[in-house]
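Quick look at input_14.txt (compact mmCIF, C-alpha atoms):
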```txt
# COMPACT_ATOMS: atom_id res chain seq x y z
CA LYS A 1 80.24 99.84 54.10
CA PRO A 2 77.73 97.36 52.59
CA TYR A 3 77.24 99.43 49.45
CA ALA A 4 80.88 100.26 48.74
CA PRO A 5 82.84 98.51 45.94
CA VAL A 6 84.04 95.05 46.97
CA GLU A 7 87.67 96.12 47.34
CA TYR A 8 86.50 98.46 50.13
CA ARG A 9 83.57 96.45 51.43
CA GLY A 10 85.61 93.28 51.78
CA PRO A 11 84.41 89.67 51.69
CA MET A 12 82.21 89.73 54.84
CA ASN A 13 78.56 90.62 55.15
CA SER A 14 76.70 92.84 57.61
CA ILE A 15 73.62 92.18 59.73
CA GLU A 16 70.85 94.33 61.17
CA THR A 17 70.93 95.26 64.84
CA ASN A 18 67.94 95.87 67.11
CA VAL A 19 68.31 99.57 66.29
CA PRO A 20 66.61 100.24 62.92
CA GLY A 21 69.08 101.18 60.20
CA VAL A 22 72.20 100.27 62.16
CA ARG A 23 74.22 97.37 60.79
CA VAL A 24 77.34 95.60 62.07
CA ASN A 25 79.69 92.90 60.84
CA GLU A 26 77.99 89.52 60.51
CA PHE A 27 80.05 87.96 63.32
CA TRP A 28 78.81 90.42 65.99
CA LYS A 29 75.51 88.59 66.37
CA GLN A 30 75.02 89.01 70.12
CA THR A 31 76.24 92.59 70.14
CA ALA A 32 73.63 93.31 67.45
CA SER A 33 70.99 92.35 70.04
CA VAL A 34 72.24 94.94 72.57
CA ALA A 35 72.79 97.80 70.12
CA ASP A 36 69.97 99.68 71.85
CA LYS A 37 72.12 99.74 75.00
CA ILE A 38 75.40 100.96 73.46
CA ALA A 39 76.73 103.89 71.46
CA ILE A 40 78.81 103.23 68.36
CA CYS A 41 81.17 106.04 67.38
CA ARG A 42 82.19 105.76 63.74
CA SER A 43 84.31 108.91 63.50
CA MET A 44 87.21 108.35 65.93
CA THR A 45 90.36 109.88 64.45
CA HIS A 46 94.02 110.58 65.18
CA GLY A 47 97.28 110.73 63.22
CA GLU A 48 99.44 107.96 64.68
CA ALA A 49 99.82 104.88 62.44
CA ALA A 50 102.50 103.12 64.55
CA HIS A 51 101.28 100.65 67.18
CA GLU A 52 103.18 102.24 70.07
CA ARG A 53 102.11 105.82 69.32
CA GLY A 54 98.50 104.84 68.65
CA THR A 55 98.42 102.87 71.89
CA HIS A 56 99.83 105.88 73.76
CA ASN A 57 96.99 108.01 72.38
CA MET A 58 94.24 105.66 73.46
CA PHE A 59 95.58 104.85 76.94
CA THR A 60 96.53 108.41 77.93
CA GLY A 61 94.32 110.71 75.86
CA TYR A 62 97.39 112.60 74.62
CA ARG A 63 99.62 112.57 71.58
CA PRO A 64 103.11 111.27 72.45
CA SER A 65 105.57 113.95 73.52
CA PRO A 66 109.37 113.68 73.84
CA ALA A 67 109.20 116.16 76.74
CA LEU A 68 106.62 114.50 78.98
CA SER A 69 105.60 111.00 79.98
CA TYR A 70 101.83 111.09 80.31
CA PRO A 71 99.96 108.90 82.83
CA SER A 72 97.32 106.45 81.70
CA MET A 73 93.68 107.19 82.42
CA GLY A 74 93.67 104.40 84.99
CA SER A 75 96.53 105.99 86.91
CA VAL A 76 94.86 109.40 86.79
CA VAL A 77 91.68 107.90 88.24
CA SER A 78 93.78 106.15 90.90
CA HIS A 79 95.48 109.46 91.76
CA GLU A 80 92.21 111.41 91.96
CA PHE A 81 90.04 108.95 93.87
CA GLY A 82 92.21 106.36 95.61
CA PRO A 83 91.15 102.92 96.87
CA ARG A 84 87.68 101.85 97.94
CA HIS A 85 86.65 98.83 100.05
CA ASP A 86 90.30 97.77 100.53
CA LEU A 87 90.63 97.15 96.78
CA PRO A 88 93.14 98.71 94.38
CA PRO A 89 91.62 101.67 92.52
CA TYR A 90 93.13 100.53 89.20
CA VAL A 91 93.43 96.88 88.11
CA CYS A 92 94.90 95.39 84.92
CA VAL A 93 93.48 92.03 83.80
CA PRO A 94 95.55 89.90 83.56
CA ASN A 95 98.61 92.24 83.54
CA GLN A 96 99.55 95.78 82.57
CA PRO A 97 99.10 95.52 78.80
CA ASN A 98 101.77 98.03 77.73
CA GLU A 99 104.04 100.76 79.05
CA PHE A 100 101.43 103.43 78.31
CA ALA A 101 98.98 101.87 80.77
CA GLY A 102 101.36 103.02 83.52
CA THR A 103 101.82 106.07 85.71
CA GLY A 104 103.83 108.40 83.45
CA TYR A 105 104.90 111.48 85.44
CA LEU A 106 102.76 110.44 88.44
CA SER A 107 104.19 108.47 91.35
CA SER A 108 104.53 104.76 90.73
CA SER A 109 102.16 104.22 93.65
CA TYR A 110 99.32 104.92 91.18
CA ALA A 111 100.20 101.97 88.97
CA GLY A 112 97.60 99.35 88.12
CA PHE A 113 97.45 96.17 90.17
CA SER A 114 98.28 93.26 87.85
CA LEU A 115 96.75 89.86 88.54
CA GLY A 116 99.81 87.92 87.42
CA ALA A 117 97.61 85.16 85.99
CA ASP A 118 94.83 84.76 83.46
CA PRO A 119 91.34 84.20 84.93
CA ALA A 120 90.64 81.72 82.14
CA ALA A 121 93.25 79.30 83.56
CA ALA A 122 91.90 76.28 85.42
CA ASP A 123 94.27 76.94 88.34
CA PHE A 124 93.73 80.72 88.35
CA ARG A 125 94.90 82.43 91.53
CA VAL A 126 95.78 86.08 91.99
CA ARG A 127 99.29 86.47 93.32
CA ASP A 128 99.95 88.12 96.70
CA LEU A 129 96.40 87.79 98.07
CA ASN A 130 97.13 85.03 100.56
CA LEU A 131 99.78 84.47 103.20
CA PRO A 132 102.59 82.12 102.15
CA GLY A 133 102.60 78.57 103.46
CA GLY A 134 103.64 78.22 107.09
CA VAL A 135 102.96 81.87 107.92
CA ASP A 136 100.04 82.44 110.30
CA GLY A 137 98.58 85.76 111.43
CA ASN A 138 100.93 86.21 114.38
CA ARG A 139 104.03 85.47 112.35
CA PHE A 140 102.85 87.78 109.61
CA ALA A 141 102.30 90.59 112.15
CA SER A 142 105.82 90.18 113.56
CA ARG A 143 107.30 90.22 110.06
CA ARG A 144 105.39 93.39 109.28
CA GLN A 145 106.67 95.02 112.48
CA LEU A 146 110.24 94.12 111.53
CA LEU A 147 109.76 95.52 108.04
CA ASP A 148 108.31 98.76 109.45
CA THR A 149 111.41 99.16 111.64
CA VAL A 150 113.71 98.80 108.62
CA ASN A 151 111.58 101.14 106.52
CA ASP A 152 111.57 103.80 109.23
CA ARG A 153 115.37 103.73 109.21
CA PHE A 154 115.49 104.26 105.44
CA ARG A 155 112.83 106.95 105.58
CA SER A 156 114.77 108.93 108.16
CA GLN A 157 117.76 109.15 105.81
CA GLN A 158 116.30 109.37 102.31
CA VAL A 159 113.36 110.94 100.52
CA SER A 160 112.32 108.97 97.45
CA ASP A 161 109.22 108.33 95.41
CA SER A 162 110.26 104.69 95.28
CA LEU A 163 110.15 104.42 99.09
CA ASP A 164 106.75 106.13 99.26
CA ALA A 165 105.41 103.93 96.47
CA VAL A 166 106.60 100.76 98.17
CA ASP A 167 104.96 101.91 101.40
CA THR A 168 101.71 102.52 99.54
CA PHE A 169 101.82 99.13 97.86
CA TYR A 170 102.49 97.39 101.18
CA GLN A 171 99.65 99.19 102.95
CA ARG A 172 97.21 98.28 100.20
CA ALA A 173 98.47 94.71 100.15
CA TYR A 174 97.97 94.42 103.91
CA ALA A 175 94.44 95.76 103.55
CA MET A 176 93.58 93.21 100.84
CA ILE A 177 95.07 90.28 102.72
CA ASN A 178 93.08 91.20 105.83
CA SER A 179 89.79 91.70 103.97
CA ASP A 180 87.78 88.62 103.03
CA LYS A 181 85.53 90.74 100.82
CA ALA A 182 88.49 92.18 98.91
CA ARG A 183 90.01 88.76 98.31
CA GLU A 184 86.66 87.35 97.19
CA ALA A 185 86.35 90.06 94.54
CA PHE A 186 89.16 88.36 92.63
CA ASP A 187 87.71 84.84 93.03
CA ILE A 188 85.92 84.13 89.76
CA ASN A 189 84.94 80.69 91.08
CA LYS A 190 82.39 82.42 93.33
CA GLU A 191 80.30 83.09 90.24
CA ASP A 192 77.31 80.91 89.42
CA ASP A 193 77.94 78.33 86.68
CA LYS A 194 75.10 79.78 84.62
CA ILE A 195 76.75 83.22 84.56
CA ARG A 196 80.14 81.73 83.68
CA ASP A 197 78.58 79.86 80.78
CA GLU A 198 76.75 82.99 79.63
CA TYR A 199 80.03 84.93 79.43
CA GLY A 200 81.88 81.93 77.98
CA ARG A 201 84.47 79.79 79.72
CA ASN A 202 87.32 81.15 77.68
CA GLU A 203 89.79 84.03 77.71
CA ALA A 204 87.34 86.72 76.60
CA GLY A 205 84.50 85.56 78.84
CA SER A 206 86.61 85.03 81.95
CA ARG A 207 88.38 88.38 81.64
CA LEU A 208 85.20 90.41 81.20
CA LEU A 209 83.42 88.51 83.97
CA LEU A 210 86.27 89.24 86.37
CA CYS A 211 86.18 92.89 85.30
CA ARG A 212 82.52 93.01 86.28
CA ARG A 213 83.25 91.38 89.66
CA LEU A 214 85.95 93.94 90.39
CA VAL A 215 83.83 96.95 89.42
CA GLU A 216 80.91 95.62 91.42
CA SER A 217 83.18 95.22 94.46
CA GLY A 218 84.57 98.76 94.31
CA VAL A 219 87.52 98.90 91.87
CA ARG A 220 87.28 102.24 90.09
CA PHE A 221 89.06 101.52 86.80
CA VAL A 222 89.71 98.16 85.15
CA THR A 223 91.46 97.54 81.85
CA THR A 224 91.69 94.29 79.97
CA THR A 225 92.81 93.14 76.54
CA TYR A 226 91.73 90.29 74.31
CA GLY A 227 93.27 88.78 71.21
CA GLY A 228 95.43 90.19 68.45
CA TRP A 229 93.82 92.39 65.80
CA ASP A 230 96.73 93.33 63.53
CA MET A 231 95.16 91.56 60.56
CA HIS A 232 97.41 92.43 57.62
CA ASP A 233 96.58 89.04 56.06
CA ASN A 234 93.31 87.09 55.71
CA ILE A 235 91.14 89.46 57.72
CA THR A 236 88.10 87.22 57.28
CA GLY A 237 89.83 84.32 58.99
CA GLY A 238 91.09 86.64 61.70
CA ILE A 239 87.64 88.03 62.42
CA GLN A 240 86.08 84.56 62.38
CA GLY A 241 88.65 83.39 64.91
CA GLN A 242 88.55 86.40 67.24
CA VAL A 243 85.11 87.97 67.22
CA PRO A 244 82.57 85.28 68.26
CA ARG A 245 83.97 84.80 71.78
CA LEU A 246 84.41 88.52 72.34
CA ASP A 247 80.95 89.16 70.90
CA GLN A 248 79.43 86.74 73.43
CA ALA A 249 81.41 88.11 76.38
CA TYR A 250 80.86 91.78 75.53
CA ALA A 251 77.11 91.47 74.96
CA THR A 252 76.79 89.48 78.18
CA LEU A 253 78.74 92.12 80.09
CA ILE A 254 76.34 94.82 78.93
CA ARG A 255 73.27 92.72 79.82
CA ASP A 256 74.78 91.63 83.14
CA LEU A 257 75.64 95.18 84.22
CA GLU A 258 72.12 96.30 83.35
CA ARG A 259 70.53 93.42 85.29
CA ARG A 260 72.56 94.38 88.35
CA GLY A 261 71.73 98.07 88.10
CA LEU A 262 75.37 98.91 87.39
CA LEU A 263 75.30 100.03 83.76
CA GLU A 264 74.31 103.64 84.51
CA SER A 265 77.29 104.02 86.88
CA THR A 266 79.81 102.00 84.86
CA MET A 267 81.27 103.11 81.55
CA VAL A 268 82.32 100.29 79.24
CA VAL A 269 84.70 101.23 76.43
CA LEU A 270 85.76 98.93 73.60
CA ALA A 271 88.57 100.26 71.40
CA SER A 272 91.73 99.51 69.47
CA GLU A 273 94.74 101.74 68.95
CA PHE A 274 93.71 102.66 65.39
CA GLY A 275 91.63 101.37 62.49
CA ARG A 276 92.41 99.46 59.32
CA THR A 277 92.92 100.61 55.74
CA PRO A 278 89.80 101.27 53.67
CA LYS A 279 90.96 98.92 50.91
CA ILE A 280 91.58 95.21 51.23
CA ASN A 281 95.27 94.61 50.44
CA ALA A 282 96.99 92.05 48.21
CA THR A 283 96.99 89.42 50.99
CA ALA A 284 93.26 89.78 51.78
CA GLY A 285 93.96 91.84 54.88
CA ARG A 286 93.94 95.46 55.96
CA ASP A 287 96.83 97.60 57.21
CA HIS A 288 97.15 100.44 59.77
CA TRP A 289 94.76 103.39 59.39
CA PRO A 290 94.34 106.03 62.12
CA LYS A 291 92.38 108.58 60.05
CA VAL A 292 89.01 107.10 60.99
CA PHE A 293 87.87 104.08 63.00
CA SER A 294 85.15 102.94 65.37
CA VAL A 295 84.96 102.75 69.15
CA VAL A 296 82.03 101.54 71.23
CA MET A 297 80.91 103.09 74.52
CA ALA A 298 78.11 102.16 76.89
CA GLY A 299 76.81 103.06 80.33
CA GLY A 300 78.11 105.78 82.62
CA GLY A 301 75.76 108.37 81.16
CA ILE A 302 76.53 107.63 77.51
CA ARG A 303 73.37 107.93 75.41
CA PRO A 304 72.35 104.39 74.36
CA GLY A 305 71.16 103.16 70.99
CA ILE A 306 72.93 105.77 68.88
CA VAL A 307 75.58 105.99 66.19
CA TYR A 308 77.77 109.04 66.70
CA GLY A 309 79.58 110.45 63.68
CA SER A 310 80.21 108.85 60.33
CA SER A 311 82.95 108.23 57.81
CA ASP A 312 82.93 108.97 54.11
CA ALA A 313 81.72 106.53 51.45
CA THR A 314 84.85 104.36 51.59
CA ALA A 315 85.63 104.74 55.33
CA SER A 316 88.77 106.71 54.49
CA GLU A 317 88.22 109.70 56.80
CA PRO A 318 85.54 111.25 59.02
CA ASN A 319 82.47 112.68 57.34
CA GLU A 320 80.45 113.98 60.31
CA ASN A 321 81.39 114.80 63.92
CA PRO A 322 85.05 113.72 63.97
CA LEU A 323 86.06 112.67 67.49
CA ASP A 324 89.70 113.20 68.42
CA VAL A 325 91.60 111.57 71.26
CA ALA A 326 91.45 114.56 73.61
CA ASP A 327 87.67 114.90 73.33
CA TRP A 328 87.21 111.14 73.71
CA ALA A 329 89.33 111.12 76.89
CA THR A 330 87.45 114.15 78.20
CA THR A 331 84.18 112.27 77.74
CA ILE A 332 85.53 109.30 79.71
CA TYR A 333 86.82 111.50 82.52
CA HIS A 334 83.53 113.42 82.69
```
Produce structure tokens that represent the structure in this file.
Amino acid sequence: KPYAPVEYRGPMNSIETNVPGVRVNEFWKQTASVADKIAICRSMTHGEAAHERGTHNMFTGYRPSPALSYPSMGSVVSHEFGPRHDLPPYVCVPNQPNEFAGTGYLSSSYAGFSLGADPAAADFRVRDLNLPGGVDGNRFASRRQLLDTVNDRFRSQQVSDSLDAVDTFYQRAYAMINSDKAREAFDINKEDDKIRDEYGRNEAGSRLLLCRRLVESGVRFVTTTYGGWDMHDNITGGIQGQVPRLDQAYATLIRDLERRGLLESTMVVLASEFGRTPKINATAGRDHWPKVFSVVMAGGGIRPGIVYGSSDATASEPNENPLDVADWATTIYH
């Protein structure tokens, strides 16, 4: 809010984007150059000011309920569409970020595949994609046959979601191990050095680059997280420390998807679990505020170069076109 009183505006400045009249925080320099390819929603709203409940909203599309454990959007997509090209339908980079990114009331076989390692690490390797040392193809096949015999015995005596889920995980693991193309999808070192530098050789850049590799290879739904944004103190320092690398990686992801002809078929969503208080607090930070906040969407049929909705003069609540969690999730599913 560049024209609001300083206690609302805060100590940072805003910059113009390549869409006339649309401004963003001064540290989103590269994102400002791709504003014509994204949609900024400035009227997202819900009523949950606790981290866990807000996170539940944004990962499931539902308000928390004591009567029902809702599945995450990734698990719903996994349930509806299943795997493609021997790859998991739902992948979490680097790991499942929270309990609400899980399967809820769906079978655990629809859980996200977690990498088990951060792609930014110099020795990055995805767990479970290669045979263990000393085990060749023949030995692996005999082990699998033995396991199948044991599983058949259990299956003849018990009916359990856990057994079915384990079977599903094993079958998908076998498919990945036996598919060079599937294994290569997770190998970020296959990327050209120029592309890696463009994304940034850091946590934000490596995670978003791997997300692009996975989507390009056939994974249907990928979720990743970056940084900590609970800036109750010194929000300027927090933004300075967090945004530039994410800004570079995010803007590169949008450009890279467009170059590869993937942006129209890939929806990219950037969101937090809620917003921050309209007023700067006594420790130069901002606290929890779910009444109105911004999310960014691009690709997948989303109209580019627009700002959807608005907040009031002090960013305290929606002014035009409030977007609630259910409608936001419906848009993503559509």
Would you list the contacts of range 288-305 of chain A as a CSV table (one decimal) with C-alpha atoms, keeping the file's coordinate frame, taking every protein, DNA or RNA residue within 6 Å and counting only C-alpha atoms, but skipping same-chain residues closer than 4 positions in sequence?
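Everything below was put into part_30.csv:
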```csv
chain,number,residue,atom,x,y,z
A,35,ALA,CA,72.8,97.8,70.1
A,36,ASP,CA,70.0,99.7,71.8
A,37,LYS,CA,72.1,99.7,75.0
A,38,ILE,CA,75.4,101.0,73.5
A,39,ALA,CA,76.7,103.9,71.5
A,40,ILE,CA,78.8,103.2,68.4
A,41,CYS,CA,81.2,106.0,67.4
A,42,ARG,CA,82.2,105.8,63.7
A,43,SER,CA,84.3,108.9,63.5
A,44,MET,CA,87.2,108.4,65.9
A,45,THR,CA,90.4,109.9,64.4
A,46,HIS,CA,94.0,110.6,65.2
A,47,GLY,CA,97.3,110.7,63.2
A,49,ALA,CA,99.8,104.9,62.4
A,263,LEU,CA,75.3,100.0,83.8
A,264,GLU,CA,74.3,103.6,84.5
A,265,SER,CA,77.3,104.0,86.9
A,266,THR,CA,79.8,102.0,84.9
A,267,MET,CA,81.3,103.1,81.6
A,268,VAL,CA,82.3,100.3,79.2
A,269,VAL,CA,84.7,101.2,76.4
A,270,LEU,CA,85.8,98.9,73.6
A,271,ALA,CA,88.6,100.3,71.4
A,274,PHE,CA,93.7,102.7,65.4
A,275,GLY,CA,91.6,101.4,62.5
A,276,ARG,CA,92.4,99.5,59.3
A,277,THR,CA,92.9,100.6,55.7
A,317,GLU,CA,88.2,109.7,56.8
A,318,PRO,CA,85.5,111.2,59.0
```
Next item on the list: Skip Val325 in chain A itself and residues of its chain fewer than 4 positions away, then list as a VMD selection string all residues within 7 Å of it, counting only C-alpha atoms.
Entry: chain A and resid 46 57 to 58 61 to 62 329
Selection export as a PDB file, in the frame of the given file, atoms kept: C-alpha atoms:
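Written file, again18.pdb:
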```pdb
ATOM      1  CA  HIS A  46      94.020 110.580  65.180  1.00  0.00           C
ATOM      2  CA  ASN A  57      96.990 108.010  72.380  1.00  0.00           C
ATOM      3  CA  MET A  58      94.240 105.660  73.460  1.00  0.00           C
ATOM      4  CA  GLY A  61      94.320 110.710  75.860  1.00  0.00           C
ATOM      5  CA  TYR A  62      97.390 112.600  74.620  1.00  0.00           C
ATOM      6  CA  ALA A 329      89.330 111.120  76.890  1.00  0.00           C
TER       7      ALA A 329
END
```
Notebook entry, point to check: Nearest to Ser33 in chain A: which of A:Ala251, A:Ile306, A:Ile235, A:Ile280 is it, counting all atoms listed in the file?
Noted result: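 Of A:Ala251, A:Ile306, A:Ile235, A:Ile280, the one nearest Ser33 in chain A, counting all atoms listed in the file, is A:Ala251.
Closest approach to Leu257 in chain A among A:Ala67, A:Arg213, A:Gly74, A:Asn13: A:Arg213, based on all atoms listed in the file.
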Next item on the list: Determine, counting all atoms listed in the file, which protein, DNA and RNA residues have an atom within 7 Å of an atom of range 196-203 of chain A; residues of the same chain fewer than 5 positions away are not included. Present the result as a ChimeraX atom specification.
Entry: /A:120,191,209,248-249,252
Item checked: Atom-to-atom span, CA of Asn151 in chain A and CA of Ser109 in chain A, Å -> 16.2 Å
Notebook entry, point to check: Between CA of Val24 in chain A and CA of His56 in chain A, what is the spacing in Å?
Noted result: 27.4 Å
Notebook entry, point to check: Contacts of Pro11 in chain A at 9 Å or less, counting all atoms listed in the file, minus same-chain residues fewer than 3 places along, as a PyMOL selection string?
Noted result: chain A and resi 6-7+236+284
Margin query: To one decimal place in Å, what is the distance between CA of Asp180 in chain A and CA of Val215 in chain A?
Written below: 16.4 Å
Axis-aligned box for all listed atoms of range 284-301 of chain A, 6 Å per side, centre and edges in Å to one decimal, as JSON:
```
{"center_x": 86.5, "center_y": 99.2, "center_z": 67.2, "size_x": 33.4, "size_y": 30.8, "size_z": 42.8}
```
Check: Restricting the calculation to all atoms listed in the file, which member of A:Arg143, A:His232, A:His51, A:Lys29 is positioned closest to Lys279 in chain A?
Finding: A:His232
Check: With only C-alpha atoms as the atoms that count, which of A:Gly218, A:Lys190, A:Ser14, A:Gly285 lies nearest to Gly238 in chain A?
Finding: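 Counting only C-alpha atoms, the residue closest to Gly238 in chain A is A:Gly285.
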Would you mind putting N, CA, C and O atoms back on range 277-300 of chain A and writing the result as a compact mmCIF listing (two decimals), in the frame of the given file?
```txt
# COMPACT_ATOMS: atom_id res chain seq x y z
N THR A 277 93.01 99.91 57.03
CA THR A 277 92.92 100.61 55.74
C THR A 277 91.58 100.37 55.05
O THR A 277 91.01 99.28 55.14
N PRO A 278 91.09 101.40 54.35
CA PRO A 278 89.80 101.27 53.67
C PRO A 278 89.78 100.14 52.64
O PRO A 278 88.77 99.45 52.50
N LYS A 279 90.91 99.95 51.95
CA LYS A 279 90.96 98.92 50.91
C LYS A 279 91.56 97.63 51.43
O LYS A 279 92.51 97.64 52.20
N ILE A 280 90.98 96.52 50.99
CA ILE A 280 91.58 95.21 51.23
C ILE A 280 92.91 95.15 50.46
O ILE A 280 92.99 95.57 49.30
N ASN A 281 93.96 94.64 51.10
CA ASN A 281 95.27 94.61 50.44
C ASN A 281 95.49 93.34 49.63
O ASN A 281 94.59 92.50 49.51
N ALA A 282 96.69 93.18 49.11
CA ALA A 282 96.99 92.05 48.21
C ALA A 282 96.95 90.70 48.91
O ALA A 282 96.87 89.65 48.26
N THR A 283 97.02 90.69 50.25
CA THR A 283 96.99 89.42 50.99
C THR A 283 95.66 89.26 51.75
O THR A 283 95.60 88.58 52.77
N ALA A 284 94.62 89.90 51.24
CA ALA A 284 93.26 89.78 51.78
C ALA A 284 93.15 90.28 53.21
O ALA A 284 92.29 89.84 53.98
N GLY A 285 94.02 91.22 53.56
CA GLY A 285 93.96 91.84 54.88
C GLY A 285 93.82 93.33 54.79
O GLY A 285 93.57 93.90 53.71
N ARG A 286 93.96 94.00 55.92
CA ARG A 286 93.94 95.46 55.96
C ARG A 286 95.09 95.93 56.84
O ARG A 286 95.43 95.29 57.82
N ASP A 287 95.65 97.08 56.51
CA ASP A 287 96.83 97.60 57.21
C ASP A 287 96.42 98.71 58.19
O ASP A 287 95.26 98.91 58.46
N HIS A 288 97.41 99.42 58.74
CA HIS A 288 97.15 100.44 59.77
C HIS A 288 96.47 101.67 59.16
O HIS A 288 96.88 102.16 58.11
N TRP A 289 95.48 102.22 59.89
CA TRP A 289 94.76 103.39 59.39
C TRP A 289 94.18 104.19 60.56
O TRP A 289 93.11 103.85 61.09
N PRO A 290 94.84 105.26 60.99
CA PRO A 290 94.34 106.03 62.12
C PRO A 290 93.36 107.15 61.75
O PRO A 290 92.78 107.76 62.64
N LYS A 291 93.18 107.41 60.45
CA LYS A 291 92.38 108.58 60.05
C LYS A 291 90.93 108.48 60.50
O LYS A 291 90.30 109.48 60.83
N VAL A 292 90.37 107.28 60.49
CA VAL A 292 89.01 107.10 60.99
C VAL A 292 88.82 105.64 61.39
O VAL A 292 89.27 104.73 60.69
N PHE A 293 88.18 105.44 62.54
CA PHE A 293 87.87 104.08 63.00
C PHE A 293 86.75 104.16 64.02
O PHE A 293 86.28 105.24 64.37
N SER A 294 86.30 103.00 64.46
CA SER A 294 85.15 102.94 65.37
C SER A 294 85.58 102.60 66.79
O SER A 294 86.51 101.82 67.00
N VAL A 295 84.88 103.18 67.76
CA VAL A 295 84.96 102.75 69.15
C VAL A 295 83.53 102.59 69.64
O VAL A 295 82.59 103.18 69.08
N VAL A 296 83.36 101.78 70.67
CA VAL A 296 82.03 101.54 71.23
C VAL A 296 82.05 101.94 72.69
O VAL A 296 82.98 101.61 73.43
N MET A 297 81.01 102.66 73.12
CA MET A 297 80.91 103.09 74.52
C MET A 297 79.51 102.77 75.01
O MET A 297 78.55 102.77 74.25
N ALA A 298 79.41 102.48 76.30
CA ALA A 298 78.11 102.16 76.89
C ALA A 298 78.12 102.51 78.36
O ALA A 298 79.16 102.49 79.02
N GLY A 299 76.94 102.81 78.90
CA GLY A 299 76.81 103.06 80.33
C GLY A 299 77.44 104.37 80.75
O GLY A 299 77.90 105.17 79.94
N GLY A 300 77.45 104.61 82.07
CA GLY A 300 78.11 105.78 82.62
C GLY A 300 77.59 107.10 82.11
O GLY A 300 78.32 108.09 82.06
```
